[in-house]
>>> print(open('work-v5.txt').read())   # compact mmCIF, C-alpha atoms
# COMPACT_ATOMS: atom_id res chain seq x y z
CA MET O 130 -40.71 -16.80 -54.64
CA LYS O 131 -37.32 -15.26 -54.09
CA LYS O 132 -35.34 -15.36 -50.89
CA PHE O 133 -32.71 -12.82 -49.92
CA ASN O 134 -30.41 -13.87 -47.12
CA GLN O 135 -29.83 -11.32 -44.34
CA GLU O 136 -26.03 -11.53 -44.46
CA GLU O 137 -25.75 -11.22 -48.19
CA ARG O 138 -25.87 -8.10 -50.28
CA HIS O 139 -28.17 -8.00 -53.27
CA THR O 140 -28.44 -5.86 -56.38
CA VAL O 141 -31.37 -3.42 -56.44
CA LYS O 142 -32.23 -1.66 -59.69
CA ILE O 143 -34.40 1.41 -59.79
CA ILE O 144 -35.28 4.14 -62.27
CA LEU O 145 -34.09 7.26 -60.45
CA ASN O 146 -35.39 10.52 -61.93
CA GLY O 147 -35.76 8.81 -65.28
CA GLU O 148 -32.31 7.17 -65.31
CA PRO O 149 -31.72 3.49 -64.55
CA VAL O 150 -29.35 3.07 -61.60
CA GLU O 151 -28.38 0.14 -59.42
CA GLY O 152 -26.81 -0.43 -56.07
CA ILE O 153 -26.19 -3.07 -53.45
CA ALA O 154 -28.50 -3.60 -50.47
CA GLU O 155 -28.84 -6.03 -47.62
CA PRO O 156 -32.50 -6.87 -46.85
CA ARG O 157 -32.80 -4.50 -43.89
CA LEU O 158 -31.50 -1.42 -45.73
CA LEU O 159 -34.04 1.41 -45.79
CA LEU O 160 -34.78 3.01 -49.14
CA THR O 161 -33.65 6.38 -47.73
CA ASP O 162 -30.22 4.99 -46.85
CA PHE O 163 -30.00 3.17 -50.17
CA LEU O 164 -30.56 6.44 -52.03
CA ARG O 165 -28.17 8.41 -49.88
CA HIS O 166 -25.33 5.97 -49.21
CA GLU O 167 -25.47 3.55 -52.15
CA ILE O 168 -26.57 5.83 -54.97
CA GLY O 169 -25.17 9.05 -53.49
CA ALA O 170 -28.42 10.95 -53.98
CA THR O 171 -28.22 12.87 -50.72
CA GLY O 172 -30.98 15.35 -51.53
CA THR O 173 -33.48 13.13 -49.71
CA HIS O 174 -33.10 13.91 -46.02
CA VAL O 175 -33.45 11.63 -43.03
CA GLY O 176 -35.44 12.98 -40.11
CA CYS O 177 -37.31 10.80 -37.66
CA GLU O 178 -37.01 7.43 -39.41
CA HIS O 179 -40.45 6.33 -38.28
CA GLY O 180 -42.79 8.06 -40.67
CA ILE O 181 -43.69 11.15 -38.67
CA CYS O 182 -41.66 14.08 -40.02
CA GLY O 183 -41.97 13.67 -43.81
CA ALA O 184 -38.41 14.90 -44.53
CA CYS O 185 -37.62 11.75 -46.53
CA THR O 186 -40.69 11.96 -48.80
CA ILE O 187 -40.02 10.83 -52.37
CA LEU O 188 -42.21 9.71 -55.26
CA VAL O 189 -42.52 5.98 -55.90
CA ASN O 190 -44.25 5.34 -59.22
CA GLY O 191 -45.52 8.91 -58.99
CA LYS O 192 -46.95 8.59 -55.47
CA ALA O 193 -45.53 10.51 -52.52
CA VAL O 194 -44.32 8.10 -49.86
CA ARG O 195 -42.00 8.01 -46.86
CA SER O 196 -38.71 6.50 -47.99
CA CYS O 197 -37.84 5.62 -44.37
CA LEU O 198 -40.86 3.30 -44.24
CA MET O 199 -39.79 1.32 -47.26
CA LEU O 200 -37.01 -1.17 -47.77
CA ALA O 201 -34.66 -0.79 -50.72
CA MET O 202 -35.65 -4.35 -51.67
CA GLN O 203 -39.27 -3.26 -51.98
CA ALA O 204 -38.29 -0.56 -54.47
CA ASP O 205 -36.57 -2.99 -56.85
CA GLY O 206 -37.72 -2.24 -60.39
CA LEU O 207 -39.78 0.81 -59.45
CA GLU O 208 -39.62 4.41 -60.63
CA ILE O 209 -38.30 6.75 -57.96
CA ASP O 210 -38.33 10.52 -58.17
CA THR O 211 -36.38 12.64 -55.72
CA ILE O 212 -35.55 16.30 -55.21
CA GLU O 213 -32.58 15.92 -57.59
CA GLY O 214 -35.02 15.46 -60.46
CA LEU O 215 -37.15 18.54 -59.89
CA ALA O 216 -35.15 21.28 -61.60
CA ASP O 217 -35.66 21.86 -65.32
CA ASN O 218 -33.20 20.32 -67.78
CA ASP O 219 -31.23 23.57 -68.02
CA GLY O 220 -30.73 23.53 -64.27
CA ARG O 221 -33.24 26.24 -63.45
CA PHE O 222 -35.76 25.88 -60.63
CA ASN O 223 -39.11 24.42 -61.60
CA ALA O 224 -42.27 26.37 -60.70
CA LEU O 225 -42.53 24.79 -57.26
CA GLN O 226 -38.91 25.43 -56.31
CA GLN O 227 -39.16 28.98 -57.66
CA ALA O 228 -42.24 29.64 -55.52
CA PHE O 229 -40.40 28.37 -52.40
CA HIS O 230 -37.43 30.60 -53.27
CA GLU O 231 -39.56 33.70 -53.77
CA ASN O 232 -41.69 33.20 -50.68
CA PHE O 233 -38.75 32.50 -48.30
CA ALA O 234 -40.42 29.14 -47.68
CA LEU O 235 -37.29 27.62 -46.22
CA GLN O 236 -34.72 28.59 -43.66
CA CYS O 237 -32.41 25.75 -42.72
CA GLY O 238 -33.77 23.72 -45.62
CA TYR O 239 -33.66 20.34 -43.93
CA CYS O 240 -37.38 19.62 -44.39
CA THR O 241 -37.61 21.26 -47.83
CA PRO O 242 -37.04 18.20 -50.07
CA GLY O 243 -39.91 16.45 -48.28
CA PHE O 244 -42.24 19.42 -48.69
CA LEU O 245 -41.35 19.77 -52.38
CA MET O 246 -41.88 16.09 -53.16
CA THR O 247 -45.16 16.03 -51.21
CA LEU O 248 -46.41 19.04 -53.15
CA SER O 249 -45.14 17.60 -56.44
CA GLU O 250 -47.72 14.84 -56.23
CA TYR O 251 -50.39 16.85 -54.42
CA LEU O 252 -50.54 19.77 -56.87
CA LYS O 253 -50.86 17.34 -59.77
CA CYS O 254 -53.96 15.81 -58.14
CA ASN O 255 -55.37 19.11 -56.92
CA PRO O 256 -54.17 21.98 -59.16
CA ASP O 257 -56.30 24.64 -57.45
CA PRO O 258 -56.21 23.95 -53.71
CA SER O 259 -57.61 26.13 -50.93
CA ILE O 260 -55.44 27.16 -47.99
CA GLU O 261 -57.31 24.67 -45.84
CA GLU O 262 -56.63 21.85 -48.29
CA ILE O 263 -52.93 22.72 -48.44
CA LYS O 264 -52.73 22.67 -44.64
CA ILE O 265 -54.16 19.16 -44.60
CA ALA O 266 -51.93 18.01 -47.48
CA LEU O 267 -48.84 19.32 -45.67
CA SER O 268 -49.86 18.04 -42.23
CA GLY O 269 -47.51 15.10 -42.68
CA ASN O 270 -44.43 17.31 -43.11
CA ILE O 271 -42.82 19.02 -40.17
CA CYS O 272 -40.88 22.30 -40.45
CA ARG O 273 -39.26 23.77 -37.36
CA CYS O 274 -38.09 27.07 -38.90
CA THR O 275 -40.70 28.83 -40.98
CA GLY O 276 -43.92 28.52 -39.03
CA TYR O 277 -45.51 27.19 -42.24
CA HIS O 278 -47.08 30.45 -43.49
CA GLU O 279 -44.42 31.00 -46.14
CA ILE O 280 -44.67 27.37 -47.21
CA ILE O 281 -48.44 27.62 -47.63
CA HIS O 282 -48.06 30.83 -49.64
CA ALA O 283 -45.40 29.16 -51.79
CA ALA O 284 -47.72 26.22 -52.42
CA LEU O 285 -50.51 28.59 -53.51
CA ASP O 286 -48.12 30.52 -55.79
CA ALA O 287 -46.75 27.30 -57.24
CA ALA O 288 -50.25 26.02 -57.95
CA LYS O 289 -51.05 29.28 -59.72
CA ALA O 290 -47.84 29.16 -61.76
CA MET O 291 -48.34 25.49 -62.64
CA ARG O 292 -51.88 26.15 -63.86
CA LYS O 293 -50.38 28.46 -66.49
CA ILE O 294 -47.99 25.82 -67.84
CA MET E 846 -33.28 3.64 -35.84
CA LYS E 847 -32.36 0.94 -38.34
CA PRO E 848 -34.18 -2.39 -38.57
CA PRO E 849 -32.52 -5.47 -37.10
CA PRO E 850 -31.32 -8.06 -39.64
CA PHE E 851 -33.83 -10.41 -41.25
CA ASP E 852 -34.14 -12.65 -44.28
CA TYR E 853 -36.41 -11.13 -46.89
CA ILE E 854 -38.65 -13.31 -49.01
CA ARG E 855 -40.68 -11.89 -51.87
CA VAL E 856 -43.60 -14.18 -52.67
CA ASP E 857 -45.53 -14.36 -55.94
CA ASN E 858 -48.85 -15.50 -54.48
CA SER E 859 -50.71 -16.23 -51.26
CA ASP E 860 -50.03 -19.99 -51.40
CA GLU E 861 -46.31 -19.31 -51.09
CA ALA E 862 -46.95 -16.91 -48.22
CA VAL E 863 -48.97 -19.40 -46.14
CA GLU E 864 -46.43 -22.12 -46.93
CA LEU E 865 -43.75 -19.90 -45.39
CA LEU E 866 -45.95 -18.98 -42.42
CA ALA E 867 -46.44 -22.71 -41.75
CA GLU E 868 -42.67 -23.17 -41.82
CA TYR E 869 -41.55 -20.16 -39.78
CA GLY E 870 -44.56 -19.50 -37.50
CA ASP E 871 -44.02 -16.56 -35.18
CA GLU E 872 -40.46 -16.06 -36.46
CA ALA E 873 -41.99 -14.52 -39.60
CA ARG E 874 -43.84 -11.28 -40.23
CA ILE E 875 -45.88 -10.34 -43.27
CA ILE E 876 -45.16 -6.98 -44.89
CA ALA E 877 -47.30 -5.27 -47.52
CA GLY E 878 -47.32 -1.47 -47.27
CA GLY E 879 -45.28 -1.49 -44.07
CA GLN E 880 -46.73 1.73 -42.66
CA SER E 881 -47.24 0.12 -39.24
CA LEU E 882 -44.57 -2.56 -39.38
CA MET E 883 -41.66 -0.44 -40.66
CA PRO E 884 -41.75 2.00 -37.70
CA MET E 885 -41.85 -1.01 -35.38
CA LEU E 886 -38.88 -2.54 -37.18
CA ASN E 887 -36.97 0.75 -37.19
CA MET E 888 -37.54 1.10 -33.46
CA ARG E 889 -36.75 -2.60 -33.03
CA LEU E 890 -40.01 -3.30 -31.28
CA VAL E 891 -40.25 -6.41 -33.48
CA ARG E 892 -37.37 -8.63 -34.55
CA PRO E 893 -38.61 -11.16 -37.08
CA GLN E 894 -36.20 -13.74 -38.45
CA VAL E 895 -38.01 -13.61 -41.79
CA LEU E 896 -39.91 -10.84 -43.50
CA ILE E 897 -42.40 -12.09 -46.08
CA ASP E 898 -43.24 -9.41 -48.63
CA ILE E 899 -46.65 -9.97 -50.21
CA GLY E 900 -46.45 -6.69 -52.17
CA CYS E 901 -45.93 -8.49 -55.50
CA ALA E 902 -48.38 -11.35 -54.86
CA SER E 903 -50.61 -11.73 -57.91
CA ASP E 904 -53.78 -12.88 -56.12
CA LEU E 905 -54.02 -10.43 -53.21
CA GLY E 906 -54.98 -7.11 -54.78
CA GLY E 907 -58.20 -5.57 -55.93
CA ILE E 908 -61.51 -4.17 -54.75
CA GLU E 909 -64.50 -6.27 -55.70
CA LYS E 910 -68.22 -5.99 -55.12
CA LYS E 911 -69.72 -9.39 -54.43
CA GLY E 912 -73.45 -9.19 -53.74
CA LYS E 913 -73.89 -7.11 -50.61
CA VAL E 914 -70.25 -6.83 -49.63
CA ILE E 915 -67.09 -5.16 -50.84
CA GLU E 916 -64.00 -7.35 -50.68
CA VAL E 917 -60.72 -5.49 -50.31
CA GLY E 918 -57.58 -7.48 -51.08
CA ALA E 919 -54.57 -7.65 -48.78
CA THR E 920 -52.33 -5.49 -50.95
CA THR E 921 -54.96 -2.83 -51.73
CA THR E 922 -53.76 0.48 -50.36
CA GLN E 923 -55.92 2.93 -48.45
CA SER E 924 -55.36 5.39 -51.32
CA GLU E 925 -56.66 2.90 -53.88
CA LEU E 926 -59.84 2.41 -51.87
CA GLU E 927 -60.13 6.18 -51.28
CA GLY E 928 -59.90 6.76 -55.03
CA TRP E 929 -62.25 3.90 -56.00
CA SER E 930 -65.01 5.51 -58.04
CA ASN E 931 -67.80 3.46 -56.40
CA LEU E 932 -66.75 4.12 -52.81
CA GLU E 933 -69.25 6.87 -51.97
CA THR E 934 -72.26 4.90 -53.26
CA ASN E 935 -71.25 1.58 -51.71
CA LEU E 936 -69.40 2.54 -48.55
CA PRO E 937 -70.22 6.15 -47.62
CA LEU E 938 -68.86 5.52 -44.13
CA LEU E 939 -65.41 4.68 -45.48
CA ALA E 940 -65.55 7.60 -47.91
CA ALA E 941 -65.87 9.82 -44.83
CA ALA E 942 -63.33 7.95 -42.68
CA ILE E 943 -60.42 7.17 -45.03
CA PRO E 944 -59.25 10.79 -45.55
CA LYS E 945 -58.71 10.91 -41.78
CA ILE E 946 -56.25 7.99 -41.76
CA GLY E 947 -52.72 9.32 -41.34
CA HIS E 948 -51.53 11.46 -44.24
CA PHE E 949 -51.97 10.97 -47.96
CA GLN E 950 -48.33 9.91 -48.18
CA THR E 951 -48.89 7.07 -45.70
CA ARG E 952 -52.21 6.10 -47.34
CA ASN E 953 -50.28 5.76 -50.62
CA ARG E 954 -48.50 2.70 -49.14
CA GLY E 955 -50.57 1.66 -46.15
CA THR E 956 -53.02 -1.15 -46.87
CA VAL E 957 -56.58 -1.60 -45.61
CA CYS E 958 -55.92 -5.13 -44.37
CA GLY E 959 -52.63 -4.04 -42.79
CA SER E 960 -54.37 -1.44 -40.68
CA LEU E 961 -56.99 -4.00 -39.61
CA CYS E 962 -54.31 -6.56 -38.67
CA HIS E 963 -52.32 -3.92 -36.77
CA ALA E 964 -55.50 -3.38 -34.71
CA ASP E 965 -54.66 -0.09 -33.10
CA PRO E 966 -57.73 0.61 -30.92
CA SER E 967 -58.03 4.20 -32.13
CA SER E 968 -57.68 3.58 -35.85
CA GLU E 969 -60.45 4.29 -38.33
CA LEU E 970 -60.72 1.12 -40.41
CA PRO E 971 -61.23 -1.31 -37.49
CA THR E 972 -63.81 1.07 -35.99
CA CYS E 973 -65.72 1.09 -39.30
CA LEU E 974 -65.42 -2.70 -39.67
CA MET E 975 -66.96 -3.09 -36.21
CA LEU E 976 -69.85 -0.71 -36.95
CA LEU E 977 -70.70 -2.40 -40.25
CA SER E 978 -70.24 -5.94 -38.80
CA GLY E 979 -67.68 -6.74 -41.48
CA GLU E 980 -65.40 -9.75 -41.66
CA MET E 981 -61.79 -10.71 -42.31
CA GLU E 982 -60.76 -13.59 -44.52
CA LEU E 983 -57.80 -15.53 -43.16
CA LYS E 984 -55.86 -18.10 -45.10
CA SER E 985 -53.55 -20.84 -43.87
CA LYS E 986 -52.22 -24.03 -45.43
CA LYS E 987 -55.36 -25.79 -44.18
CA GLY E 988 -57.71 -23.46 -46.02
CA THR E 989 -59.51 -20.17 -45.53
CA ARG E 990 -61.90 -19.00 -42.85
CA ARG E 991 -63.91 -15.86 -42.31
CA VAL E 992 -63.96 -14.17 -38.93
CA LYS E 993 -66.48 -11.54 -37.86
CA ALA E 994 -65.04 -8.16 -36.85
CA ASP E 995 -66.30 -8.70 -33.29
CA ASP E 996 -64.30 -11.94 -33.02
CA PHE E 997 -61.31 -10.71 -35.05
CA LEU E 998 -60.48 -7.59 -33.05
CA ILE E 999 -59.51 -8.85 -29.63
CA GLY E 1000 -57.57 -6.03 -28.00
CA VAL E 1001 -54.65 -3.60 -28.32
CA LEU E 1002 -52.64 -4.73 -31.38
CA THR E 1003 -54.20 -8.18 -30.96
CA THR E 1004 -56.39 -10.07 -33.40
CA ALA E 1005 -57.73 -13.59 -33.84
CA LYS E 1006 -55.31 -14.16 -36.72
CA GLN E 1007 -53.07 -17.10 -35.87
CA VAL E 1008 -49.32 -17.04 -36.60
CA ASN E 1009 -49.81 -19.45 -39.52
CA GLU E 1010 -52.53 -17.30 -41.08
CA LEU E 1011 -52.42 -14.56 -43.71
CA ALA E 1012 -55.18 -11.94 -43.87
CA THR E 1013 -56.28 -12.12 -47.50
CA LYS E 1014 -59.36 -9.89 -47.56
CA ALA E 1015 -61.28 -7.32 -45.58
CA ILE E 1016 -65.00 -7.63 -46.16
CA TYR E 1017 -67.14 -4.54 -45.68
CA PRO E 1018 -70.95 -4.84 -46.07
CA VAL E 1019 -72.32 -2.25 -48.50
CA VAL E 1020 -74.74 0.52 -47.61
CA GLN E 1021 -78.09 -0.74 -46.31
CA ASP E 1022 -81.34 0.55 -47.85
CA GLY E 1023 -82.36 3.79 -46.19
CA ALA E 1024 -79.42 3.75 -43.78
CA LYS E 1025 -77.44 6.91 -43.00
CA TYR E 1026 -73.77 6.95 -42.01
CA ALA E 1027 -71.47 9.46 -40.32
CA PHE E 1028 -67.89 9.53 -39.08
CA THR E 1029 -65.95 11.98 -36.96
CA GLU E 1030 -62.83 12.01 -34.84
CA PHE E 1031 -60.73 14.21 -32.62
CA HIS E 1032 -56.97 14.31 -33.07
CA HIS E 1033 -54.38 16.76 -31.77
CA ARG E 1034 -53.01 17.43 -35.26
CA HIS E 1035 -54.35 16.29 -38.60
CA GLY E 1036 -52.98 12.83 -39.37
CA ASP E 1037 -52.19 11.93 -35.77
CA PHE E 1038 -53.81 8.90 -34.26
CA ALA E 1039 -57.33 9.82 -33.19
CA VAL E 1040 -57.81 10.36 -29.46
CA VAL E 1041 -61.41 9.26 -30.03
CA CYS E 1042 -63.09 8.38 -33.32
CA ILE E 1043 -66.78 7.61 -33.76
CA ALA E 1044 -68.56 5.90 -36.64
CA GLY E 1045 -72.34 5.94 -36.61
CA MET E 1046 -75.27 4.60 -38.59
CA ALA E 1047 -79.03 5.04 -38.42
CA VAL E 1048 -81.52 2.57 -39.90
CA GLY E 1049 -85.20 3.29 -39.20
CA SER E 1050 -85.34 4.17 -35.51
CA THR E 1051 -82.14 2.28 -34.67
CA ILE E 1052 -78.94 4.18 -33.97
CA LYS E 1053 -75.64 2.32 -33.78
CA LEU E 1054 -72.27 3.79 -32.84
CA ALA E 1055 -68.75 2.37 -32.86
CA VAL E 1056 -66.18 4.18 -30.74
CA GLY E 1057 -62.43 3.82 -31.22
CA GLY E 1058 -59.68 5.07 -28.93
CA VAL E 1059 -61.33 4.54 -25.53
CA ALA E 1060 -61.50 0.81 -24.78
CA ASP E 1061 -58.75 -1.59 -25.87
CA ARG E 1062 -60.64 -2.17 -29.12
CA PRO E 1063 -63.47 -0.33 -30.91
CA GLU E 1064 -66.73 -0.84 -29.02
CA VAL E 1065 -70.22 -0.87 -30.51
CA ARG E 1066 -73.58 0.03 -28.97
CA GLU E 1067 -77.06 0.15 -30.43
CA TRP E 1068 -80.15 2.04 -29.29
CA GLN E 1069 -83.81 2.12 -30.35
CA ALA E 1070 -85.85 5.33 -30.72
CA LEU E 1071 -83.33 7.52 -28.93
CA GLU E 1072 -84.35 11.17 -28.62
CA GLY E 1073 -83.73 14.41 -26.72
CA ASN E 1074 -82.01 14.18 -23.33
CA ALA E 1075 -82.01 10.40 -23.54
CA ILE E 1076 -79.28 10.73 -26.18
CA ASP E 1077 -76.94 12.48 -23.77
CA ASP E 1078 -77.69 9.98 -21.00
CA ALA E 1079 -77.13 7.06 -23.35
CA LEU E 1080 -73.82 8.48 -24.55
CA ASN E 1081 -72.72 9.16 -20.99
CA ASP E 1082 -73.49 5.56 -19.98
CA PHE E 1083 -71.60 4.28 -23.02
CA ALA E 1084 -68.62 6.53 -22.26
CA TRP E 1085 -68.35 5.22 -18.68
CA ASP E 1086 -68.92 1.58 -19.64
CA MET E 1087 -65.90 1.57 -21.96
CA ARG E 1088 -63.62 2.17 -18.96
CA GLY E 1089 -61.07 4.31 -20.77
CA SER E 1090 -57.79 5.07 -19.03
CA ASP E 1091 -55.37 7.98 -18.80
CA ASP E 1092 -52.39 8.15 -21.13
CA ILE E 1093 -50.04 10.83 -22.46
CA HIS E 1094 -52.58 11.92 -25.08
CA ALA E 1095 -55.66 12.38 -22.91
CA THR E 1096 -57.16 11.57 -19.53
CA ALA E 1097 -60.02 9.09 -19.15
CA GLN E 1098 -62.29 12.00 -18.21
CA TYR E 1099 -61.36 13.89 -21.37
CA ARG E 1100 -62.07 10.79 -23.45
CA ARG E 1101 -65.54 10.46 -21.85
CA GLU E 1102 -66.20 14.08 -22.73
CA LEU E 1103 -65.14 13.40 -26.33
CA VAL E 1104 -67.48 10.41 -26.53
CA ARG E 1105 -70.39 12.53 -25.26
CA HIS E 1106 -69.54 15.46 -27.53
CA LEU E 1107 -68.55 13.64 -30.74
CA GLY E 1108 -71.30 11.06 -30.20
CA ARG E 1109 -73.84 13.87 -30.14
CA GLN E 1110 -72.29 15.33 -33.31
CA VAL E 1111 -72.58 12.01 -35.13
CA ILE E 1112 -76.16 11.42 -33.99
CA ASP E 1113 -77.19 14.97 -34.97
CA ASN E 1114 -75.49 14.50 -38.34
CA LEU E 1115 -77.45 11.26 -38.87
CA SER E 1116 -80.78 12.88 -38.03
CA ILE E 1117 -80.08 15.83 -40.37
CA GLN E 1118 -79.29 13.36 -43.17
CA LYS E 1119 -82.56 11.56 -42.41
CA LYS E 1120 -84.58 14.78 -42.54
CA ASN E 1121 -82.93 15.80 -45.81
CA GLY E 1122 -83.64 12.35 -47.19
CA LEU E 1123 -87.35 12.68 -46.34
CA ALA E 1124 -87.53 16.17 -47.85
CA LYS E 1125 -86.44 14.78 -51.20
>>> encode(input="work-v5.txt", output="structure tokens")
Amino acid sequence: MKKFNQEERHTVKIILNGEPVEGIAEPRLLLTDFLRHEIGATGTHVGCEHGICGACTILVNGKAVRSCLMLAMQADGLEIDTIEGLADNDGRFNALQQAFHENFALQCGYCTPGFLMTLSEYLKCNPDPSIEEIKIALSGNICRCTGYHEIIHAALDAAKAMRKI
Amino acid sequence: MKPPPFDYIRVDNSDEAVELLAEYGDEARIIAGGQSLMPMLNMRLVRPQVLIDIGCASDLGGIEKKGKVIEVGATTTQSELEGWSNLETNLPLLAAAIPKIGHFQTRNRGTVCGSLCHADPSSELPTCLMLLSGEMELKSKKGTRRVKADDFLIGVLTTAKQVNELATKAIYPVVQDGAKYAFTEFHHRHGDFAVVCIAGMAVGSTIKLAVGGVADRPEVREWQALEGNAIDDALNDFAWDMRGSDDIHATAQYRRELVRHLGRQVIDNLSIQKKNGLAK
């Protein structure tokens, strides 16, 4: 058993996009805020902060989760992947980002990190999804610009491109 | 939209958790996946002094078949159960219902026991537990007890779990010989809370339905040799007897219509499965 006092600040270590990093967190700090304010990884966006909009979606041990519904303390020792880790090593877009770029699947871009991280896990589990399946997979991410059609097309294109890798 | 301050205690096993519950009582809350509790903390609807994280407890995970039941540990996520290779053969009802719980991202963290303890009247897992007459295992410093679904689910966000108790297992009875199962729900958008969800089973000439989202907990009714127009009358009676009320999602009248309509869908689905079963 380990107790963490509410007034004190505690060290949290995570593996962020393959690199070990650490920061300081009080028990109530959300994982989203830990990533953004402690680590400085501001690619993960904060939307509703109660699990509805999906903007803050990241991968925890490879699984897509809402980082606003997790405490930084709960992530201690875990592998976290965020939007910052998606691009290839030479800085070029990966297949998923490229498909979003080519299909105009973003406008203001606020929701985009969440969509990309959601699809990062989903397309690994289902490499050849139907439109209907993509709609269900993306139902937990809200976009207020695109009307979703471009995003769905991007997801289909990305799946196709990723099947060739 | 940030949680209020609390002490955070990470426990290594269930004994430590119940020890803490005995000490702090209703000042403490248990967190596992946090998919119900974290929104409530963020919106400051709950203000625990102590948050007890059972996520790393060594004795609370797993899915185990024991005789005629499946025991699901407190830290087992909905995704783990959804991906369990024996789910379809042992719990076809849950295989149909789990994909309808929230989104896959919330099922990746949300636990089966957490959803049952949250006891939202429209949620899928409590409705299925009621239909299958499952049980919850509750542990306190004094020992463990098992509570039948009917006694466990009391009302809106209310269960028989005492403040000094930890839910350690959900116990779902496996498929009965010759029984057919079906699940359906209506929601405004995929992943939203269901307005009405219905789980059904047919064994011989008995039809049993559990309806979530109308009364203040899932309600169950059973009929013998129900056919033709009698089905619609029976569903109509059931819909009225649950005394649903109006809220921002739907009126009571609309909920009755959903019970009649979805109830018919489930019963038709069950009878088609039966016919197909006989044809084999």
>>> axis_aligned_box(input="work-v5.txt", around="segment 954-968 of chain E", padding_each_side="6 Å", output="JSON")
{"center_x": -53.3, "center_y": -1.2, "center_z": -40.0, "size_x": 21.5, "size_y": 22.8, "size_z": 30.2}
>>> closest_atom_pairs(input="work-v5.txt", of="chain E", to="chain O", cutoff="7 Å", atoms="only C-alpha atoms", output="tab-separated table")
residue	atom	partner	partner_atom	distance
E:Met846	CA	O:Glu178	CA	6.4
E:Pro848	CA	O:Arg157	CA	5.9
E:Pro849	CA	O:Arg157	CA	6.9
E:Pro850	CA	O:Arg157	CA	5.7
E:Phe851	CA	O:Gln135	CA	5.1
E:Asp852	CA	O:Gln135	CA	4.5
E:Tyr853	CA	O:Phe133	CA	5.1
E:Ile854	CA	O:Lys132	CA	4.3
E:Arg855	CA	O:Lys131	CA	5.3
E:Val856	CA	O:Met130	CA	4.4
E:Asp857	CA	O:Met130	CA	5.6
E:Gly879	CA	O:Leu198	CA	6.5
E:Gln880	CA	O:Leu198	CA	6.3
E:Met883	CA	O:Leu198	CA	5.2
E:Pro884	CA	O:His179	CA	4.6
E:Asn887	CA	O:His179	CA	6.7
E:His948	CA	O:Gly269	CA	5.6
E:Gln950	CA	O:Val194	CA	4.7
E:Thr951	CA	O:Val194	CA	6.3
E:Asn953	CA	O:Val194	CA	6.4
E:Arg954	CA	O:Val194	CA	6.9
E:His1035	CA	O:Ser268	CA	6.0
E:Gly1036	CA	O:Ser268	CA	6.7
>>> residues_around(input="work-v5.txt", residues="Gln1021 of chain E", least_positions_apart="3", cutoff="10 Å", atoms="only C-alpha atoms", output="ChimeraX atom specification")
/E:913,935-936,977,1018,1024-1026,1046-1048
>>> residues_around(input="work-v5.txt", residues="Ile915 of chain E", least_positions_apart="3", cutoff="9 Å", atoms="all atoms listed in the file", output="ChimeraX atom specification")
/E:908-912,935-936,1015-1019
>>> closest_residue(input="work-v5.txt", among="O:Cys254, O:Ala224, O:Ala290, O:Ile209", to="Asn146 of chain O", atoms="only C-alpha atoms")
O:Ile209
>>> atom_distance(input="work-v5.txt", atom1="atom CA of Ala1060 of chain E", atom2="atom CA of Asp1077 of chain E")
19.4 Å
>>> residues_around(input="work-v5.txt", residues="Thr1003 of chain E", least_positions_apart="6", cutoff="8 Å", atoms="only C-alpha atoms", output="PyMOL selection string")
chain E and resi 962-964
>>> residues_around(input="work-v5.txt", residues="His230 of chain O", least_positions_apart="3", cutoff="12 Å", atoms="only C-alpha atoms", output="list in words")
Arg221, Phe222, Asn223, Ala224, Leu225, Gln226, Gln227, Phe233, Ala234, Leu235, Gln236, Gly238, Thr241, Leu245, Glu279, Ile280, His282, Ala283, Ala284, Asp286 and Ala287 of chain O
>>> residues_around(input="work-v5.txt", residues="segment 169-171 of chain O", least_positions_apart="2", cutoff="10 Å", atoms="all atoms listed in the file", output="list in words")
Leu145, Gly152, Thr161, Asp162, Phe163, Leu164, Arg165, His166, Glu167, Thr173, His174, Val175, Thr211, Ile212 and Glu213 of chain O
>>> atom_distance(input="work-v5.txt", atom1="atom CA of Ala867 of chain E", atom2="atom CA of Ala1005 of chain E")
16.5 Å
>>> atom_distance(input="work-v5.txt", atom1="atom CA of Asp205 of chain O", atom2="atom CA of Lys1014 of chain E")
25.6 Å
>>> closest_residue(input="work-v5.txt", among="E:Val992, E:Ile1117, E:Leu938, E:Met888", to="Gly979 of chain E", atoms="all atoms listed in the file")
E:Val992
>>> closest_residue(input="work-v5.txt", among="E:Glu927, E:Val863, E:Leu1002, E:Phe949", to="Ser881 of chain E", atoms="only C-alpha atoms")
E:Leu1002
>>> closest_residue(input="work-v5.txt", among="O:Cys240, O:Cys274, O:Leu285, O:Leu207", to="Ile144 of chain O", atoms="only C-alpha atoms")
O:Leu207
>>> closest_residue(input="work-v5.txt", among="E:Val1056, E:Ser968, E:Ile1093, E:Ser1116", to="Ala1070 of chain E", atoms="all atoms listed in the file")
E:Ser1116
